[in-house]
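Below is one structure, written out as structure tokens; comments come after it.
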Amino acid sequence: MSTATTATPVAAGRKPATMAQALNRALRDSLAEDPSVHLFGEDIGTLGGVFRITDGLAKEFGDSRCTDTPLAEAGILGTAVGMAMYGMRPVVEMQFDAFAYPAFEQLVSHVAKMRNRTRGAMPLPITIRVPYGGGIGGVEHHSDASEAYYTHTPGLHVVTPATVADAYGLLRASIASDDPVIFLEPKRLYWSKADWSADAPEEVAPIGRAVVRRTGRSATLITYGPSLPVCLEAAEAAVQEGWDLEVVDLRSLVPFDDETVSASVRRTGRAVVVHEASGFGGVGAEIAARVTERCFHHLEAPVLRVAGFDIPYPPPMLERHHLPGVDRILDAVGRLQWEEA
Amino acid sequence: MTVLDQHVWQPRTDPAPLLPDPEPYRLLGTPEAGALDAGLLTTMYGQLVRGRRYNRQATALTKQGRLAVYPSSTGQEACEVAAALALEPRDWLFPSYRDTLAAVARGVDPVEALTLLRGDWHTGYDPREHRVAPLSTPLATQLPHAVGLAHAARLKGDDVVALAMVGDGGTSEGDFHEALNFAAVWRSPVVFLVQNNGFAISVPLAKQTAAPSLAHKAVGYGIPGRLVDGNDIAAVHAVLTEAVARAREGGGPTLVEAITYRMDAHTNADDATRYREDAEVEAWREHDPIAVLERAMRERDLLDDAMVRDTEQDAERMAAALRERMNEDAVLDPMDLFAHVYAEPTPQLREQAAMLRAELEAEAQS
């Protein structure tokens with residue numbers, strides 16, 4: 001089995017903290033440690049961001065370290081490229097998933113390609129924070145699960161935390177990375193809480209390592225970001241059905257931890273991939289293919305996917321029908337050919 | 001006092017001083033040309049003649065299959081050379097795909113500058129060495145880079161200026177707008193040089209904009225716009241030098257529109273006869289940037305037939321050396337495809353690199 005697990009919790013000084021607070025602390029610690037770190041975005045200064053992730057940072061570090069920009073995402077990312085070319089480490093905030101699209105050309109044509117284009121002479125250590133995903137009752141353009149656009153672009157790392165500790169650790173690691181990182185923040189987990197010590201944050205595995213959140217023998221649920229709590233809930237409910245489900249939290253979509261995922265599926269022999277983004281051409285399709293290629297002779301059933309429907313993100317009053325829930329996950333687990341076992 | 005007076009409508013800048021001159025600024029052939037520095041004019045002449053020869057040689061290399069494509073700047077050499085000459089070594093140049101010559105004039109190796117167009121890699125030079133960003137193919141996308149770099153330099157307390165080049169077609173792109181707006185708001189030390197060469201591939205300027213001039217666009221951002229004769233190298237150099245100095249002193253960005261003409265087709269793969277008349281091209285020959293400078297220099301006895309011959313011979317030697325080096329086959333290592341995607345290859349890239357290595361070994365044995 002892979003050794004990719006979070007370190008033992010530190011008991012001292014731990015108290016309930018939200019993911020939003022952990023992200024804020026990660027930004028603050030990065031700003032304090034490295035003068036080349038600069039935050040850019042819309043409303044991130046005086047207001048502290050629409051989700052308050054940058055709360056207090058402009059006041060503490062000044063407007064030039066935490067800057068309210070004109071309202072133009074291509075301009076935000078394009079100027080971040082120039083700053084990185086001059087040796088800075090920009091951290092930009094795209095206010096909402098769907099508001100990041102105007103920056104797409106800068107992202108795919110320059111951010112993802114500059115290191116390769118210049119044979120490594122000009123790396124771009126840019127962190128692009130994207131509040132993403134649904135489940136918050138947002139109106140149109142505020143709930144997209146946009147990860148597949150990014151994972152299909154070579155040159156980018158794509159990570160997404162699902163826990164308070166990972167939010168801190170992965171954001172610190174992303175800012176420290178010499179490669180551009182798409183840092184997807186699950187909006188509906190911003191206010192999720194865990195016991196966490198801001199002064200002695202737990203060590204987190206480097207970018208690229210998945211973690212087994214729940215061990216089990218019957219089947220593996222492979223998931224990430226906003227769908228992790230749903231999968232853990234499904235795993236608890238599955239006990240009554242007689243299934244002991246393992247849950248893998250990917251944390252990093254690029255690079256992908258084939259080792260941890262394959263090891264889990266080889267043990268359980270069955271797998272369901274769960275994410276809220278549309279299924280067709282999505283990350284789950286890639287994972288199902290990879291697992292099948294690597295674990296075919298260990299599989300008792302085809303790898304199944306539980307994903308959002310292939311529809312534009314629904315209006316908030318209908319989103320619960322779109323998002324993978326416990327029942328839909330358990331239905332998929334039930335279709336893993338148990339009768340032949 | 002109304003609510004509007006208090007909050008919403010606050011005129012910030014008198015637009016009048018920001019407006020460009022009604023006619024493009026000229027120096028050569030005017031009385032002021034007599035005061036221009038003789039050494040500078042000689043340098044410019046040498047660079048223009050070499051630049052023209054470089055364009056001709058590169059176009060010839062496409063016909064010999066040594067370059068995949070070449071977007072020539074023939075006719076626009078005054079802008080290319082002036083952009084390079086207006087900058088200090090500590091400044092940065094952000095060229096578009098048509099600005100190979102500006103990169104070379106700034107010191108980039110003439111073969112390395114052609115790497116993108118030869119096709120052995122995307123950029124052949126280390127951008128930090130001469131402070132020249134990679135030639136940018138996606139239109140206007142290099143402009144916000146220039147703004148960000150200039151902004152970063154200013155935050156660090158370095159008096160560095162960035163000069164970004166774009167064409168008339170590029171001014172229609174959103175990135176043009178966003179870059180000018182960011183630069184204006186941040187008062188970044190940036191100079192935007194628009195080479196209005198009349199065409200975006202085949203589309204004439206009339207189908208690109210309804211603005212009085214492209215330089216007028218500056219006023220909307222609250223920055224000065226300058227209009228200059230792009231085939232008058234002394235005028236382009238003077239306007240750019242002034243804008244660079246202004247930027248360096250904290251005066252903020254300037255938008256410069258240089259009126260010029262693309263004498264060749266868009267690239268060697270284009271057929272310009274489908275969208276413009278020969279008569280129009282011929283008319284521009286009268287206003288060729290080399291001819292304009294040559295006339296002005298001869299008027300002041302700064303140039304004679306012997307110097308012209310020497311300069312042309314020097315350009316021939318440069319072209320011969322370029323030809324010779326470009327006729328050498330590029331050395332390619334397919335494994336490079338995986339080497340620079342990330343600081344460390346992902347496990348997936350390592351697997352794929354192993355696959356390619358095995359294919360190469362099998363190929364070598366067969």
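Labels for the structure tokens follow display order: chains A, B, ..., residues from 1 in each chain, ligands from 1.
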
Requested in this report: For Thr79 of chain A, please output as a count of residues only all residues within 10 Å (counting only C-alpha atoms; exclusion window: fewer than 5 positions along the same chain).
Outcome: 23

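Residues of chain A lying within 7 Å of chain B, counting only C-alpha atoms, are Pro70, Ala72, Ala74, Gly75, Gly78, Thr79, Ala80, Val81, Gly82, Met83, Met85, Tyr86, Gln106, Arg115, Asn116, Arg117, Thr118, Arg119, Gly120, Ala121, Gly155, Asp178, Asp179 and Pro255 of chain A.
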
I need the residues from that last selection saved to file as a CSV table (one decimal), in the first residue's frame (with C-alpha atoms), if you can.
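And here is the file that came out, result13.csv:
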```csv
chain,number,residue,atom,x,y,z
A,70,PRO,CA,-9.6,45.9,-12.4
A,72,ALA,CA,-10.8,41.5,-15.9
A,74,ALA,CA,-7.5,37.6,-18.6
A,75,GLY,CA,-5.8,40.8,-17.4
A,78,GLY,CA,-1.9,37.9,-18.0
A,79,THR,CA,-0.2,40.3,-15.6
A,80,ALA,CA,0.5,37.5,-13.2
A,81,VAL,CA,2.5,35.8,-16.0
A,82,GLY,CA,4.6,39.0,-16.4
A,83,MET,CA,5.1,39.2,-12.7
A,85,MET,CA,8.6,36.3,-15.5
A,86,TYR,CA,10.2,38.9,-13.2
A,106,GLN,CA,-3.7,33.1,-21.0
A,115,ARG,CA,8.3,26.5,-19.1
A,116,ASN,CA,8.2,24.1,-21.9
A,117,ARG,CA,8.4,26.8,-24.6
A,118,THR,CA,11.6,28.2,-23.1
A,119,ARG,CA,13.2,24.8,-22.3
A,120,GLY,CA,12.9,25.5,-18.6
A,121,ALA,CA,14.4,29.0,-18.7
A,155,GLY,CA,1.7,21.9,-18.0
A,178,ASP,CA,7.8,26.2,-9.3
A,179,ASP,CA,5.0,25.0,-11.6
A,255,PRO,CA,-0.2,14.6,-11.2
```

Could you give me, as a Markdown table, a per-residue list for segment 143-221 of chain A showing, wherever an atom lies at most 12 Å from an atom of segment 14-20 of chain A, the closest pair of atoms and their distance in Å to one decimal, using only C-alpha atoms and sorting by chain then residue number from low to high?
```
| residue | atom | partner | partner_atom | distance |
| --- | --- | --- | --- | --- |
| A:Thr160 | CA | A:Met19 | CA | 12.0 |
| A:Pro161 | CA | A:Met19 | CA | 9.1 |
| A:Ala162 | CA | A:Met19 | CA | 8.7 |
| A:Thr163 | CA | A:Met19 | CA | 6.9 |
| A:Val164 | CA | A:Met19 | CA | 4.5 |
| A:Ala165 | CA | A:Met19 | CA | 7.9 |
| A:Asp166 | CA | A:Met19 | CA | 8.8 |
| A:Ala167 | CA | A:Met19 | CA | 6.3 |
| A:Tyr168 | CA | A:Met19 | CA | 7.9 |
| A:Gly169 | CA | A:Met19 | CA | 11.2 |
| A:Leu170 | CA | A:Met19 | CA | 11.8 |
| A:Leu171 | CA | A:Met19 | CA | 11.2 |
| A:Glu185 | CA | A:Met19 | CA | 9.2 |
| A:Pro186 | CA | A:Met19 | CA | 9.4 |
| A:Lys187 | CA | A:Ala20 | CA | 9.2 |
| A:Arg188 | CA | A:Met19 | CA | 10.0 |
| A:Leu189 | CA | A:Met19 | CA | 6.7 |
| A:Tyr190 | CA | A:Ala20 | CA | 4.9 |
| A:Trp191 | CA | A:Thr18 | CA | 5.2 |
| A:Ser192 | CA | A:Thr18 | CA | 5.3 |
| A:Lys193 | CA | A:Thr18 | CA | 4.4 |
| A:Ala194 | CA | A:Pro16 | CA | 5.2 |
| A:Asp195 | CA | A:Pro16 | CA | 4.3 |
| A:Trp196 | CA | A:Arg14 | CA | 4.8 |
| A:Ser197 | CA | A:Arg14 | CA | 4.3 |
| A:Ala198 | CA | A:Arg14 | CA | 7.7 |
| A:Asp199 | CA | A:Arg14 | CA | 8.7 |
| A:Ala200 | CA | A:Arg14 | CA | 8.5 |
| A:Pro201 | CA | A:Arg14 | CA | 9.3 |
| A:Glu202 | CA | A:Arg14 | CA | 10.5 |
```

Query raised in the report: Between atom CA of Arg28 of chain A and atom CA of Thr153 of chain A, what is the spacing in Å?
Result: 29.3 Å

Requested in this report: Would you list, as a ChimeraX atom specification, the residues of segment 131-299 of chain A that end up in strand (DSSP E) under DSSP run on this structure's backbone?
Outcome: /A:131-132,157-159,181-186,193-196,211-214,219-223,245-249,252-254,271-278

Query raised in the report: If we count only C-alpha atoms, what is near Thr13 of chain B at a cut-off of 12 Å, once residues fewer than 4 positions away on the same chain are taken out, given as an MDAnalysis selection string?
Result: chainID B and resid 17:19 219:224

Would you output that residue set with N, CA and C atoms, as a tab-separated table (two decimals), in the first residue's frame?
```tsv
chain	number	residue	atom	x	y	z
B	17	PRO	N	-4.70	66.89	-23.40
B	17	PRO	CA	-3.27	66.61	-23.55
B	17	PRO	C	-2.97	65.15	-23.93
B	18	LEU	N	-3.95	64.28	-23.76
B	18	LEU	CA	-3.72	62.87	-24.07
B	18	LEU	C	-3.89	62.57	-25.55
B	19	LEU	N	-4.56	63.48	-26.25
B	19	LEU	CA	-4.90	63.22	-27.65
B	19	LEU	C	-3.66	63.20	-28.54
B	219	VAL	N	-6.82	57.54	-25.02
B	219	VAL	CA	-7.55	58.54	-24.23
B	219	VAL	C	-8.59	57.87	-23.33
B	220	GLY	N	-9.21	56.81	-23.84
B	220	GLY	CA	-10.21	56.09	-23.07
B	220	GLY	C	-9.64	55.46	-21.80
B	221	TYR	N	-8.35	55.24	-21.78
B	221	TYR	CA	-7.71	54.65	-20.59
B	221	TYR	C	-7.07	55.72	-19.71
B	222	GLY	N	-7.08	56.95	-20.20
B	222	GLY	CA	-6.47	58.03	-19.42
B	222	GLY	C	-4.97	58.09	-19.58
B	223	ILE	N	-4.47	57.60	-20.71
B	223	ILE	CA	-3.03	57.68	-20.96
B	223	ILE	C	-2.80	58.38	-22.31
B	224	PRO	N	-1.61	58.93	-22.53
B	224	PRO	CA	-1.38	59.63	-23.79
B	224	PRO	C	-1.25	58.70	-24.99
```

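As for atom CA of Val256 of chain B and atom CA of Ser72 of chain B, they are spaced 21.2 Å apart.
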
Query - Residues near Gly334 of chain A, cut-off 12 Å, only C-alpha atoms, skip fewer than 6 positions along chain, as a list in words - result: Ser218, Ala219, Ala238, Glu241, Gly242, Trp243, Leu245, Arg270, Ala271, Val272, Ala301, Leu304, Asp327 and Arg328 of chain A

Write out the residues from the selection above, keeping C-alpha atoms, as a PDB file, in the first residue's frame.
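Final file, selection01.pdb:
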```
ATOM      1  CA  SER A 218     -15.733  -4.550  -0.395  1.00  0.00           C
ATOM      2  CA  ALA A 219     -15.197  -1.804  -2.955  1.00  0.00           C
ATOM      3  CA  ALA A 238     -23.256   1.072   3.239  1.00  0.00           C
ATOM      4  CA  GLU A 241     -26.101  -3.110   3.459  1.00  0.00           C
ATOM      5  CA  GLY A 242     -23.169  -5.290   4.409  1.00  0.00           C
ATOM      6  CA  TRP A 243     -20.599  -3.402   2.332  1.00  0.00           C
ATOM      7  CA  LEU A 245     -16.269   0.562   1.453  1.00  0.00           C
ATOM      8  CA  ARG A 270     -14.456  -3.123  -7.269  1.00  0.00           C
ATOM      9  CA  ALA A 271     -14.474   0.622  -7.867  1.00  0.00           C
ATOM     10  CA  VAL A 272     -16.853   3.554  -8.264  1.00  0.00           C
ATOM     11  CA  ALA A 301     -17.074  -5.721 -12.059  1.00  0.00           C
ATOM     12  CA  LEU A 304     -18.631   2.614 -12.566  1.00  0.00           C
ATOM     13  CA  ASP A 327     -28.420   7.040  -2.614  1.00  0.00           C
ATOM     14  CA  ARG A 328     -27.022   7.365  -6.111  1.00  0.00           C
TER      15      ARG A 328
END
```
